Amino acid sequence: PSCDSGDGKLHITPANMTSHFHRSIEAAHSQRMLSRIFHDTAHFTVHPPLFPNAILGDEGAANHMVACDQHGESGLHMFVYGEQEGVGLRPTRYPARQRRMASEAIARRHGITPEQCLYLQQAPEVIDAGVFHNDVIAMNTTRRMIVHAEAFTPADQQRLRDVAAQREGLVYHEVTAEELPVAEAVSTYFFNSQVLDLGENRFAILAPQESEASELARDAMLRLEAEGVVSAVHFRNLRESMRNGGGPACLRLRVVLTPEEAAALHPGVILTEAKYTALKQWVETHYRDRLSQDDFRDPSFVAELEAAYLALESICELPGLYSDSLAVSA
């Protein structure tokens, strides 16, 4: 956010997603889309993704937390990484998707001072247990931070405790392995929840129903409410989102804007009742309710997709966003 950047502008870097080839090809489109949305260079700087190399593996907001008094105020940026090139421990079963060098490069690029940065290494054991991103083992917003007690290497876990204890107004809470084993936290998407700052020191958690179905996860979640860490917990059926690899944690990418910055956004992407109606009709018109392998061999399916993209460009007032790239690829 501009309150923490070196030049007072909002800075954005799309993740390069180098750990998975099929995700890495998204980076160029993400940059093009973000450059159109945040087009006013007096307020915004949209950077290209980091160079796509393993030692600069970057998966973005899923591995980033900010502790601050409220959105829009300067805070402490916590960059979580899985591996530092040539240094320390590393997982053996699954790759570390976020590299420390990438996190440091982003912080320097965006002008965040070293004093505002805290780099935390994920415990290799939790990565091997399926914790591919920090948002699978920790959650936070403004003055609340809830993490698993085994999320980070022992040294960094203690460093986070020490920093949290010194930060006035921050409520820091650890969920122990006895309360909720790491495997149970992963399978129930416990930390894939969304913590919401409701104002007046009231916080709520929006949690997937998978957490409610597990006795351990449900008890741990309700204990947060009983102990006053949050004011309320709401379990919701988010199964379709979870099955698509998402969930409430995917909403954590908050782009904090000043009123002037909000006014400088491309207006076509602001959700209104009319825009919602148009998007709903677009989904009902263009989304198939099933796909088969044969569909991907059918040239008419490509034409069907192109028609959907063109319609979406019109709704969002972003002509050429998809169709120009389709023409280049063709």
# chains A, B, ... in the order shown; residues from 1 in each chain; ligands from 1

call {"tool": "residues_around", "arguments": {"residues": "Thr153 of chain A", "least_positions_apart": "4", "cutoff": "7 Å", "atoms": "only C-alpha atoms", "output": "JSON, numbers by chain"}}
result
{"A": [121, 122, 123, 157]}

call {"tool": "residues_around", "arguments": {"residues": "Ser19 of chain A", "least_positions_apart": "6", "cutoff": "8 Å", "atoms": "only C-alpha atoms", "output": "PyMOL selection string"}}
result
chain A and resi 54+57+95+97

call {"tool": "closest_residue", "arguments": {"among": "A:Glu168, A:Asp40, A:Asp135, A:Glu26", "to": "Gln194 of chain A", "atoms": "only C-alpha atoms"}}
result
A:Asp135

call {"tool": "closest_residue", "arguments": {"among": "A:Ile55, A:Met101, A:Ala42, A:Met139", "to": "Val175 of chain A", "atoms": "only C-alpha atoms"}}
result
A:Met139

call {"tool": "closest_residue", "arguments": {"among": "A:Leu56, A:Ala61, A:Leu312, A:Leu118", "to": "Ala105 of chain A", "atoms": "only C-alpha atoms"}}
result
A:Leu56

call {"tool": "select_by_dssp", "arguments": {"residues": "segment 51-194 of chain A", "states": "strand (DSSP E or B)", "output": "NGL selection string"}}
result
:A and (64-67 or 76-81 or 83-84 or 87 or 99 or 117-122 or 138-141 or 144-148 or 152 or 171-175 or 194)

call {"tool": "write_last_selection", "arguments": {"atoms": "N, CA, C and O atoms", "output": "compact mmCIF listing (two decimals), in the first residue's frame"}}
result
# COMPACT_ATOMS: atom_id res chain seq x y z
N HIS A 64 1.98 -13.73 2.66
CA HIS A 64 2.25 -12.38 3.14
C HIS A 64 1.18 -11.98 4.15
O HIS A 64 -0.01 -12.22 3.93
N MET A 65 1.60 -11.41 5.27
CA MET A 65 0.68 -10.90 6.29
C MET A 65 1.12 -9.50 6.68
O MET A 65 2.30 -9.18 6.62
N VAL A 66 0.16 -8.68 7.10
CA VAL A 66 0.47 -7.33 7.58
C VAL A 66 -0.22 -7.11 8.92
O VAL A 66 -1.43 -7.32 9.04
N ALA A 67 0.54 -6.71 9.91
CA ALA A 67 -0.02 -6.32 11.21
C ALA A 67 -0.02 -4.80 11.27
O ALA A 67 1.03 -4.16 11.12
N LEU A 76 3.60 -3.73 9.95
CA LEU A 76 4.70 -4.68 9.86
C LEU A 76 4.35 -5.72 8.80
O LEU A 76 3.32 -6.39 8.89
N HIS A 77 5.21 -5.86 7.81
CA HIS A 77 5.00 -6.80 6.71
C HIS A 77 5.75 -8.10 7.01
O HIS A 77 6.97 -8.10 7.17
N MET A 78 5.00 -9.18 7.09
CA MET A 78 5.59 -10.50 7.35
C MET A 78 5.60 -11.31 6.07
O MET A 78 4.54 -11.62 5.50
N PHE A 79 6.79 -11.61 5.59
CA PHE A 79 6.96 -12.40 4.38
C PHE A 79 7.35 -13.82 4.78
O PHE A 79 8.37 -14.05 5.42
N VAL A 80 6.52 -14.76 4.39
CA VAL A 80 6.73 -16.17 4.76
C VAL A 80 7.30 -16.91 3.56
O VAL A 80 6.77 -16.80 2.44
N TYR A 81 8.36 -17.65 3.78
CA TYR A 81 9.00 -18.38 2.69
C TYR A 81 9.27 -19.82 3.12
O TYR A 81 9.30 -20.13 4.31
N GLU A 83 11.92 -21.72 1.63
CA GLU A 83 13.32 -22.11 1.46
C GLU A 83 14.17 -20.91 1.12
O GLU A 83 13.74 -20.00 0.39
N GLN A 84 15.38 -20.89 1.64
CA GLN A 84 16.37 -19.88 1.30
C GLN A 84 17.51 -20.57 0.58
O GLN A 84 18.07 -21.55 1.08
N VAL A 87 20.76 -22.20 2.16
CA VAL A 87 20.82 -21.96 3.60
C VAL A 87 19.67 -22.70 4.29
O VAL A 87 18.54 -22.68 3.81
N ARG A 99 10.24 -18.58 -2.16
CA ARG A 99 11.66 -18.47 -1.81
C ARG A 99 11.93 -17.13 -1.13
O ARG A 99 11.33 -16.10 -1.49
N CYS A 117 9.97 -5.09 7.81
CA CYS A 117 9.88 -6.44 7.24
C CYS A 117 10.30 -7.49 8.25
O CYS A 117 11.29 -7.33 8.98
N LEU A 118 9.54 -8.57 8.30
CA LEU A 118 9.88 -9.73 9.11
C LEU A 118 9.79 -10.95 8.21
O LEU A 118 8.72 -11.23 7.65
N TYR A 119 10.90 -11.67 8.06
CA TYR A 119 10.94 -12.84 7.20
C TYR A 119 10.87 -14.10 8.07
O TYR A 119 11.67 -14.27 8.99
N LEU A 120 9.91 -14.94 7.77
CA LEU A 120 9.64 -16.13 8.57
C LEU A 120 9.69 -17.37 7.68
O LEU A 120 9.03 -17.40 6.63
N GLN A 121 10.43 -18.37 8.11
CA GLN A 121 10.52 -19.60 7.32
C GLN A 121 9.52 -20.63 7.80
O GLN A 121 9.42 -20.92 9.00
N GLN A 122 8.77 -21.19 6.86
CA GLN A 122 7.87 -22.28 7.19
C GLN A 122 8.67 -23.48 7.69
O GLN A 122 9.77 -23.76 7.19
N ALA A 138 -1.86 -20.17 8.84
CA ALA A 138 -1.91 -18.92 9.61
C ALA A 138 -2.93 -17.98 8.98
O ALA A 138 -3.18 -18.05 7.77
N MET A 139 -3.53 -17.11 9.80
CA MET A 139 -4.48 -16.12 9.28
C MET A 139 -4.38 -14.85 10.11
O MET A 139 -4.12 -14.91 11.32
N ASN A 140 -4.61 -13.71 9.45
CA ASN A 140 -4.56 -12.46 10.21
C ASN A 140 -5.30 -11.35 9.47
O ASN A 140 -5.60 -11.46 8.28
N THR A 141 -5.58 -10.32 10.20
CA THR A 141 -5.99 -9.03 9.65
C THR A 141 -5.74 -7.98 10.71
O THR A 141 -5.94 -8.22 11.90
N ARG A 144 -5.34 -8.67 14.62
CA ARG A 144 -5.53 -10.07 15.03
C ARG A 144 -4.62 -10.97 14.20
O ARG A 144 -4.51 -10.81 12.99
N MET A 145 -3.98 -11.92 14.88
CA MET A 145 -3.14 -12.90 14.20
C MET A 145 -3.31 -14.25 14.87
O MET A 145 -3.15 -14.37 16.09
N ILE A 146 -3.68 -15.25 14.07
CA ILE A 146 -3.94 -16.60 14.59
C ILE A 146 -3.08 -17.56 13.77
O ILE A 146 -3.24 -17.65 12.54
N VAL A 147 -2.16 -18.24 14.41
CA VAL A 147 -1.24 -19.13 13.70
C VAL A 147 -1.17 -20.46 14.43
O VAL A 147 -1.45 -20.58 15.63
N HIS A 148 -0.77 -21.49 13.69
CA HIS A 148 -0.51 -22.78 14.33
C HIS A 148 0.85 -22.73 15.01
O HIS A 148 1.79 -22.10 14.51
N PHE A 152 6.08 -22.38 11.78
CA PHE A 152 7.39 -21.91 11.34
C PHE A 152 8.51 -22.72 12.01
O PHE A 152 8.25 -23.52 12.92
N VAL A 171 -3.43 -8.69 19.00
CA VAL A 171 -3.80 -9.91 19.72
C VAL A 171 -3.26 -11.07 18.91
O VAL A 171 -3.68 -11.33 17.78
N TYR A 172 -2.29 -11.79 19.50
CA TYR A 172 -1.62 -12.91 18.83
C TYR A 172 -2.03 -14.20 19.53
O TYR A 172 -1.96 -14.30 20.75
N HIS A 173 -2.49 -15.17 18.75
CA HIS A 173 -2.97 -16.42 19.34
C HIS A 173 -2.41 -17.60 18.57
O HIS A 173 -2.44 -17.63 17.34
N GLU A 174 -1.89 -18.59 19.31
CA GLU A 174 -1.39 -19.81 18.70
C GLU A 174 -2.35 -20.97 18.98
O GLU A 174 -2.82 -21.13 20.11
N VAL A 175 -2.59 -21.76 17.96
CA VAL A 175 -3.36 -23.00 18.10
C VAL A 175 -2.34 -24.13 18.20
O VAL A 175 -1.52 -24.31 17.31
N GLN A 194 -11.29 -16.67 6.69
CA GLN A 194 -11.08 -15.24 6.49
C GLN A 194 -11.38 -14.49 7.79
O GLN A 194 -12.48 -14.63 8.35

call {"tool": "closest_atom_pairs", "arguments": {"of": "segment 176-281 of chain A", "to": "segment 317-320 of chain A", "cutoff": "12 Å", "atoms": "only C-alpha atoms", "output": "JSON lines"}}
result
{"residue": "A:His266", "atom": "CA", "partner": "A:Glu317", "partner_atom": "CA", "distance": 8.7}
{"residue": "A:Pro267", "atom": "CA", "partner": "A:Glu317", "partner_atom": "CA", "distance": 8.3}
{"residue": "A:Gly268", "atom": "CA", "partner": "A:Glu317", "partner_atom": "CA", "distance": 5.2}
{"residue": "A:Val269", "atom": "CA", "partner": "A:Glu317", "partner_atom": "CA", "distance": 7.9}
{"residue": "A:Ile270", "atom": "CA", "partner": "A:Glu317", "partner_atom": "CA", "distance": 10.7}
{"residue": "A:Lys275", "atom": "CA", "partner": "A:Glu317", "partner_atom": "CA", "distance": 10.9}

call {"tool": "write_last_selection", "arguments": {"atoms": "all heavy atoms", "output": "CSV table (one decimal), in the first residue's frame"}}
result
chain,number,residue,atom,x,y,z
A,266,HIS,N,-9.8,1.9,-12.7
A,266,HIS,CA,-10.7,1.7,-13.9
A,266,HIS,C,-12.1,1.4,-13.4
A,266,HIS,O,-12.3,0.4,-12.7
A,266,HIS,CB,-10.2,0.6,-14.8
A,266,HIS,CG,-11.1,0.2,-15.9
A,266,HIS,ND1,-11.4,1.1,-16.9
A,266,HIS,CD2,-11.7,-0.9,-16.2
A,266,HIS,CE1,-12.2,0.5,-17.7
A,266,HIS,NE2,-12.4,-0.7,-17.3
A,267,PRO,N,-13.1,2.2,-13.7
A,267,PRO,CA,-14.4,2.0,-13.1
A,267,PRO,C,-15.1,0.7,-13.6
A,267,PRO,O,-16.1,0.2,-12.9
A,267,PRO,CB,-15.2,3.2,-13.6
A,267,PRO,CG,-14.5,3.6,-14.9
A,267,PRO,CD,-13.0,3.3,-14.7
A,268,GLY,N,-14.7,0.1,-14.7
A,268,GLY,CA,-15.4,-1.1,-15.2
A,268,GLY,C,-15.3,-2.3,-14.3
A,268,GLY,O,-16.1,-3.3,-14.5
A,269,VAL,N,-14.4,-2.3,-13.4
A,269,VAL,CA,-14.2,-3.5,-12.5
A,269,VAL,C,-14.8,-3.3,-11.1
A,269,VAL,O,-14.7,-4.2,-10.3
A,269,VAL,CB,-12.7,-3.8,-12.3
A,269,VAL,CG1,-12.1,-4.2,-13.7
A,269,VAL,CG2,-11.9,-2.7,-11.7
A,270,ILE,N,-15.5,-2.2,-10.9
A,270,ILE,CA,-16.2,-2.0,-9.6
A,270,ILE,C,-17.5,-2.7,-9.6
A,270,ILE,O,-18.4,-2.5,-10.6
A,270,ILE,CB,-16.4,-0.5,-9.4
A,270,ILE,CG1,-15.0,0.3,-9.4
A,270,ILE,CG2,-17.0,-0.2,-8.0
A,270,ILE,CD1,-14.0,-0.2,-8.4
A,275,LYS,N,-23.7,-4.4,-12.6
A,275,LYS,CA,-22.6,-5.2,-13.0
A,275,LYS,C,-22.8,-6.7,-12.5
A,275,LYS,O,-22.5,-7.6,-13.3
A,275,LYS,CB,-21.3,-4.7,-12.4
A,275,LYS,CG,-20.0,-5.3,-12.9
A,275,LYS,CD,-19.7,-4.7,-14.3
A,275,LYS,CE,-19.3,-3.3,-14.2
A,275,LYS,NZ,-18.9,-2.7,-15.5

call {"tool": "residues_around", "arguments": {"residues": "Pro1 of chain A", "least_positions_apart": "6", "cutoff": "10 Å", "atoms": "only C-alpha atoms", "output": "list in words"}}
result
Gly8, Lys9, Leu10, His11, Ile12, Phe44, His71, Gly72, Glu73, Ser74, Gly75, His110, Ile112, Arg254, Val255, Val256, Leu257 and Thr258 of chain A

call {"tool": "write_last_selection", "arguments": {"atoms": "N, CA, C and O atoms", "output": "mmCIF file, in the first residue's frame"}}
result
data_model
loop_
_atom_site.group_PDB
_atom_site.id
_atom_site.type_symbol
_atom_site.label_atom_id
_atom_site.label_comp_id
_atom_site.auth_asym_id
_atom_site.auth_seq_id
_atom_site.Cartn_x
_atom_site.Cartn_y
_atom_site.Cartn_z
ATOM 1 N N GLY A 8 5.332 6.607 -2.093
ATOM 2 C CA GLY A 8 3.975 7.048 -1.823
ATOM 3 C C GLY A 8 2.952 6.593 -2.840
ATOM 4 O O GLY A 8 1.807 7.060 -2.817
ATOM 5 N N LYS A 9 3.336 5.690 -3.739
ATOM 6 C CA LYS A 9 2.389 5.110 -4.682
ATOM 7 C C LYS A 9 2.005 3.701 -4.222
ATOM 8 O O LYS A 9 2.726 3.057 -3.456
ATOM 9 N N LEU A 10 0.890 3.215 -4.738
ATOM 10 C CA LEU A 10 0.516 1.816 -4.536
ATOM 11 C C LEU A 10 1.325 0.962 -5.501
ATOM 12 O O LEU A 10 1.347 1.231 -6.701
ATOM 13 N N HIS A 11 1.980 -0.065 -4.988
ATOM 14 C CA HIS A 11 2.799 -0.941 -5.834
ATOM 15 C C HIS A 11 2.193 -2.344 -5.891
ATOM 16 O O HIS A 11 1.748 -2.881 -4.875
ATOM 17 N N ILE A 12 2.193 -2.932 -7.084
ATOM 18 C CA ILE A 12 1.650 -4.269 -7.304
ATOM 19 C C ILE A 12 2.636 -5.076 -8.145
ATOM 20 O O ILE A 12 3.125 -4.593 -9.172
ATOM 21 N N PHE A 44 -0.315 4.638 -9.181
ATOM 22 C CA PHE A 44 -0.028 3.199 -9.146
ATOM 23 C C PHE A 44 1.224 2.854 -9.946
ATOM 24 O O PHE A 44 1.510 3.466 -10.975
ATOM 25 N N HIS A 71 -6.569 -0.842 8.329
ATOM 26 C CA HIS A 71 -6.206 -0.785 6.926
ATOM 27 C C HIS A 71 -5.941 0.655 6.513
ATOM 28 O O HIS A 71 -6.685 1.573 6.864
ATOM 29 N N GLY A 72 -4.850 0.842 5.786
ATOM 30 C CA GLY A 72 -4.478 2.176 5.339
ATOM 31 C C GLY A 72 -3.440 2.832 6.214
ATOM 32 O O GLY A 72 -2.961 3.920 5.881
ATOM 33 N N GLU A 73 -3.091 2.179 7.334
ATOM 34 C CA GLU A 73 -2.029 2.698 8.199
ATOM 35 C C GLU A 73 -0.799 1.810 8.081
ATOM 36 O O GLU A 73 -0.906 0.599 7.887
ATOM 37 N N SER A 74 0.346 2.429 8.227
ATOM 38 C CA SER A 74 1.613 1.714 8.090
ATOM 39 C C SER A 74 1.694 0.550 9.079
ATOM 40 O O SER A 74 1.200 0.646 10.210
ATOM 41 N N GLY A 75 2.300 -0.558 8.641
ATOM 42 C CA GLY A 75 2.349 -1.732 9.505
ATOM 43 C C GLY A 75 3.599 -2.569 9.311
ATOM 44 O O GLY A 75 4.534 -2.180 8.603
ATOM 45 N N HIS A 110 9.171 -2.634 -3.824
ATOM 46 C CA HIS A 110 8.038 -1.810 -3.395
ATOM 47 C C HIS A 110 8.440 -0.719 -2.415
ATOM 48 O O HIS A 110 7.606 0.076 -1.992
ATOM 49 N N ILE A 112 9.562 -0.958 0.739
ATOM 50 C CA ILE A 112 9.271 -1.173 2.163
ATOM 51 C C ILE A 112 10.601 -1.187 2.910
ATOM 52 O O ILE A 112 11.533 -1.891 2.519
ATOM 53 N N ARG A 254 -5.948 -8.126 -0.153
ATOM 54 C CA ARG A 254 -6.598 -6.823 0.002
ATOM 55 C C ARG A 254 -5.708 -5.756 -0.627
ATOM 56 O O ARG A 254 -4.559 -5.595 -0.242
ATOM 57 N N VAL A 255 -6.244 -5.044 -1.596
ATOM 58 C CA VAL A 255 -5.529 -3.909 -2.164
ATOM 59 C C VAL A 255 -6.067 -2.667 -1.448
ATOM 60 O O VAL A 255 -7.166 -2.208 -1.725
ATOM 61 N N VAL A 256 -5.300 -2.167 -0.494
ATOM 62 C CA VAL A 256 -5.745 -1.058 0.358
ATOM 63 C C VAL A 256 -5.558 0.254 -0.400
ATOM 64 O O VAL A 256 -4.444 0.595 -0.811
ATOM 65 N N LEU A 257 -6.645 0.989 -0.576
ATOM 66 C CA LEU A 257 -6.644 2.200 -1.384
ATOM 67 C C LEU A 257 -7.057 3.421 -0.566
ATOM 68 O O LEU A 257 -7.942 3.334 0.278
ATOM 69 N N THR A 258 -6.418 4.539 -0.842
ATOM 70 C CA THR A 258 -6.906 5.813 -0.330
ATOM 71 C C THR A 258 -8.115 6.225 -1.174
ATOM 72 O O THR A 258 -8.331 5.692 -2.269
#

call {"tool": "select_by_dssp", "arguments": {"residues": "segment 36-82 of chain A", "states": "helix (DSSP H, G or I)", "output": "PyMOL selection string"}}
result
chain A and resi 36-37+54-56+60-63

call {"tool": "write_last_selection", "arguments": {"atoms": "all heavy atoms", "output": "CSV table (one decimal), in the first residue's frame"}}
result
chain,number,residue,atom,x,y,z
A,36,ARG,N,-4.1,-2.5,-16.7
A,36,ARG,CA,-5.3,-1.8,-17.2
A,36,ARG,C,-6.2,-1.3,-16.1
A,36,ARG,O,-6.8,-0.3,-16.2
A,36,ARG,CB,-6.1,-2.8,-18.1
A,36,ARG,CG,-5.4,-3.3,-19.4
A,36,ARG,CD,-5.4,-2.3,-20.5
A,36,ARG,NE,-6.8,-2.0,-21.0
A,36,ARG,CZ,-7.4,-2.8,-21.9
A,36,ARG,NH1,-6.8,-3.8,-22.4
A,36,ARG,NH2,-8.6,-2.5,-22.2
A,37,ILE,N,-6.3,-2.1,-15.0
A,37,ILE,CA,-7.2,-1.7,-13.9
A,37,ILE,C,-6.5,-0.6,-13.1
A,37,ILE,O,-7.2,0.5,-12.8
A,37,ILE,CB,-7.4,-2.9,-13.0
A,37,ILE,CG1,-8.2,-4.0,-13.7
A,37,ILE,CG2,-8.1,-2.5,-11.7
A,37,ILE,CD1,-8.4,-5.3,-13.0
A,54,ALA,N,13.6,-20.7,-10.3
A,54,ALA,CA,13.2,-21.4,-9.1
A,54,ALA,C,13.7,-20.6,-7.9
A,54,ALA,O,12.9,-20.6,-6.9
A,54,ALA,CB,13.8,-22.8,-9.1
A,55,ILE,N,14.8,-20.0,-7.9
A,55,ILE,CA,15.3,-19.3,-6.7
A,55,ILE,C,14.5,-18.0,-6.5
A,55,ILE,O,14.6,-17.4,-5.4
A,55,ILE,CB,16.8,-19.0,-6.8
A,55,ILE,CG1,17.1,-18.0,-7.9
A,55,ILE,CG2,17.6,-20.2,-6.9
A,55,ILE,CD1,18.6,-17.5,-7.9
A,56,LEU,N,13.7,-17.6,-7.5
A,56,LEU,CA,12.8,-16.4,-7.3
A,56,LEU,C,11.4,-16.8,-7.3
A,56,LEU,O,10.5,-16.0,-7.7
A,56,LEU,CB,13.1,-15.4,-8.4
A,56,LEU,CG,14.4,-14.6,-8.3
A,56,LEU,CD1,14.6,-13.8,-9.5
A,56,LEU,CD2,14.4,-13.7,-7.0
A,60,GLY,N,3.0,-14.8,-4.1
A,60,GLY,CA,2.2,-13.7,-3.7
A,60,GLY,C,1.6,-13.6,-2.4
A,60,GLY,O,2.2,-14.1,-1.4
A,61,ALA,N,0.4,-13.1,-2.3
A,61,ALA,CA,-0.3,-12.7,-1.1
A,61,ALA,C,-0.6,-13.9,-0.2
A,61,ALA,O,-0.8,-13.8,1.0
A,61,ALA,CB,-1.6,-12.0,-1.4
A,62,ALA,N,-0.6,-15.2,-0.7
A,62,ALA,CA,-0.8,-16.3,0.1
A,62,ALA,C,0.3,-16.5,1.2
A,62,ALA,O,0.2,-17.3,2.1
A,62,ALA,CB,-0.9,-17.6,-0.8
A,63,ASN,N,1.4,-15.8,1.0
A,63,ASN,CA,2.6,-15.9,1.9
A,63,ASN,C,3.0,-14.6,2.5
A,63,ASN,O,4.1,-14.3,2.8
A,63,ASN,CB,3.8,-16.5,1.1
A,63,ASN,CG,3.5,-17.9,0.7
A,63,ASN,OD1,3.2,-18.8,1.5
A,63,ASN,ND2,3.5,-18.2,-0.6

call {"tool": "closest_residue", "arguments": {"among": "A:Cys316, A:Ala226, A:Glu215, A:Val126", "to": "Ala183 of chain A", "atoms": "only C-alpha atoms"}}
result
A:Val126

call {"tool": "closest_residue", "arguments": {"among": "A:Asp69, A:Glu115, A:Glu179, A:Asp324", "to": "Arg223 of chain A", "atoms": "only C-alpha atoms"}}
result
A:Glu179

call {"tool": "closest_residue", "arguments": {"among": "A:Val195, A:Val136, A:Tyr189, A:His234", "to": "Ser214 of chain A", "atoms": "only C-alpha atoms"}}
result
A:Tyr189

call {"tool": "residues_around", "arguments": {"residues": "Ala307 of chain A", "least_positions_apart": "3", "cutoff": "12 Å", "atoms": "only C-alpha atoms", "output": "VMD selection string"}}
result
chain A and resid 282 285 to 287 300 to 304 310 to 314 322 to 323 326

call {"tool": "residues_around", "arguments": {"residues": "Ala129 of chain A", "least_positions_apart": "4", "cutoff": "12 Å", "atoms": "only C-alpha atoms", "output": "JSON, numbers by chain"}}
result
{"A": [91, 92, 93, 94, 95, 96, 122, 123, 124, 125, 133, 136, 137, 150, 151, 181, 182, 183, 184, 185, 186, 187]}

call {"tool": "write_last_selection", "arguments": {"atoms": "N, CA and C atoms", "output": "CSV table (one decimal), in the first residue's frame"}}
result
chain,number,residue,atom,x,y,z
A,91,PRO,N,12.1,-28.8,2.8
A,91,PRO,CA,11.3,-29.9,2.8
A,91,PRO,C,11.8,-31.0,1.9
A,92,THR,N,11.4,-32.3,2.1
A,92,THR,CA,11.8,-33.4,1.3
A,92,THR,C,10.8,-34.0,0.5
A,93,ARG,N,9.5,-33.8,0.9
A,93,ARG,CA,8.4,-34.5,0.1
A,93,ARG,C,7.8,-33.5,-0.9
A,94,TYR,N,7.5,-32.3,-0.6
A,94,TYR,CA,7.0,-31.3,-1.5
A,94,TYR,C,7.9,-30.1,-1.6
A,95,PRO,N,7.9,-29.5,-2.8
A,95,PRO,CA,8.8,-28.3,-3.0
A,95,PRO,C,8.3,-27.1,-2.2
A,96,ALA,N,9.3,-26.3,-1.8
A,96,ALA,CA,8.9,-25.0,-1.2
A,96,ALA,C,8.6,-24.0,-2.3
A,122,GLN,N,8.8,-21.2,6.9
A,122,GLN,CA,7.9,-22.3,7.2
A,122,GLN,C,8.7,-23.5,7.7
A,123,ALA,N,8.1,-24.2,8.6
A,123,ALA,CA,8.8,-25.4,9.1
A,123,ALA,C,8.7,-26.4,7.9
A,124,PRO,N,9.8,-27.0,7.5
A,124,PRO,CA,9.8,-28.0,6.4
A,124,PRO,C,8.8,-29.2,6.7
A,125,GLU,N,8.6,-29.5,8.0
A,125,GLU,CA,7.7,-30.6,8.3
A,125,GLU,C,6.3,-30.3,7.9
A,133,HIS,N,1.1,-23.2,1.2
A,133,HIS,CA,1.1,-21.7,1.4
A,133,HIS,C,0.9,-21.4,2.9
A,136,VAL,N,-2.5,-21.6,4.6
A,136,VAL,CA,-3.0,-22.9,5.1
A,136,VAL,C,-2.7,-23.2,6.6
A,137,ILE,N,-1.9,-22.3,7.2
A,137,ILE,CA,-1.4,-22.6,8.5
A,137,ILE,C,-1.5,-21.3,9.4
A,150,GLU,N,3.1,-24.8,15.2
A,150,GLU,CA,4.2,-25.4,14.5
A,150,GLU,C,4.3,-24.9,13.0
A,151,ALA,N,3.8,-23.7,12.8
A,151,ALA,CA,3.8,-23.2,11.4
A,151,ALA,C,5.2,-22.9,10.9
A,181,PRO,N,-4.0,-31.0,15.4
A,181,PRO,CA,-2.8,-31.4,14.7
A,181,PRO,C,-2.7,-30.8,13.3
A,182,VAL,N,-1.5,-30.7,12.8
A,182,VAL,CA,-1.3,-30.0,11.5
A,182,VAL,C,-2.1,-30.7,10.4
A,183,ALA,N,-2.1,-32.0,10.4
A,183,ALA,CA,-2.8,-32.8,9.4
A,183,ALA,C,-4.3,-32.5,9.5
A,184,GLU,N,-4.9,-32.3,10.7
A,184,GLU,CA,-6.3,-31.9,10.8
A,184,GLU,C,-6.5,-30.5,10.3
A,185,ALA,N,-5.6,-29.6,10.6
A,185,ALA,CA,-5.7,-28.2,10.2
A,185,ALA,C,-5.7,-28.1,8.6
A,186,VAL,N,-4.9,-29.0,8.0
A,186,VAL,CA,-4.9,-29.0,6.5
A,186,VAL,C,-6.1,-29.6,5.9
A,187,SER,N,-6.6,-30.7,6.5
A,187,SER,CA,-7.7,-31.4,5.9
A,187,SER,C,-9.0,-30.7,6.1

call {"tool": "atom_distance", "arguments": {"atom1": "atom CA of Ser5 of chain A", "atom2": "atom CA of Glu200 of chain A"}}
result
27.2 Å

call {"tool": "atom_distance", "arguments": {"atom1": "atom CA of Thr13 of chain A", "atom2": "atom CA of Gln31 of chain A"}}
result
7.7 Å

call {"tool": "atom_distance", "arguments": {"atom1": "atom CA of Gly130 of chain A", "atom2": "atom CA of Met17 of chain A"}}
result
17.4 Å
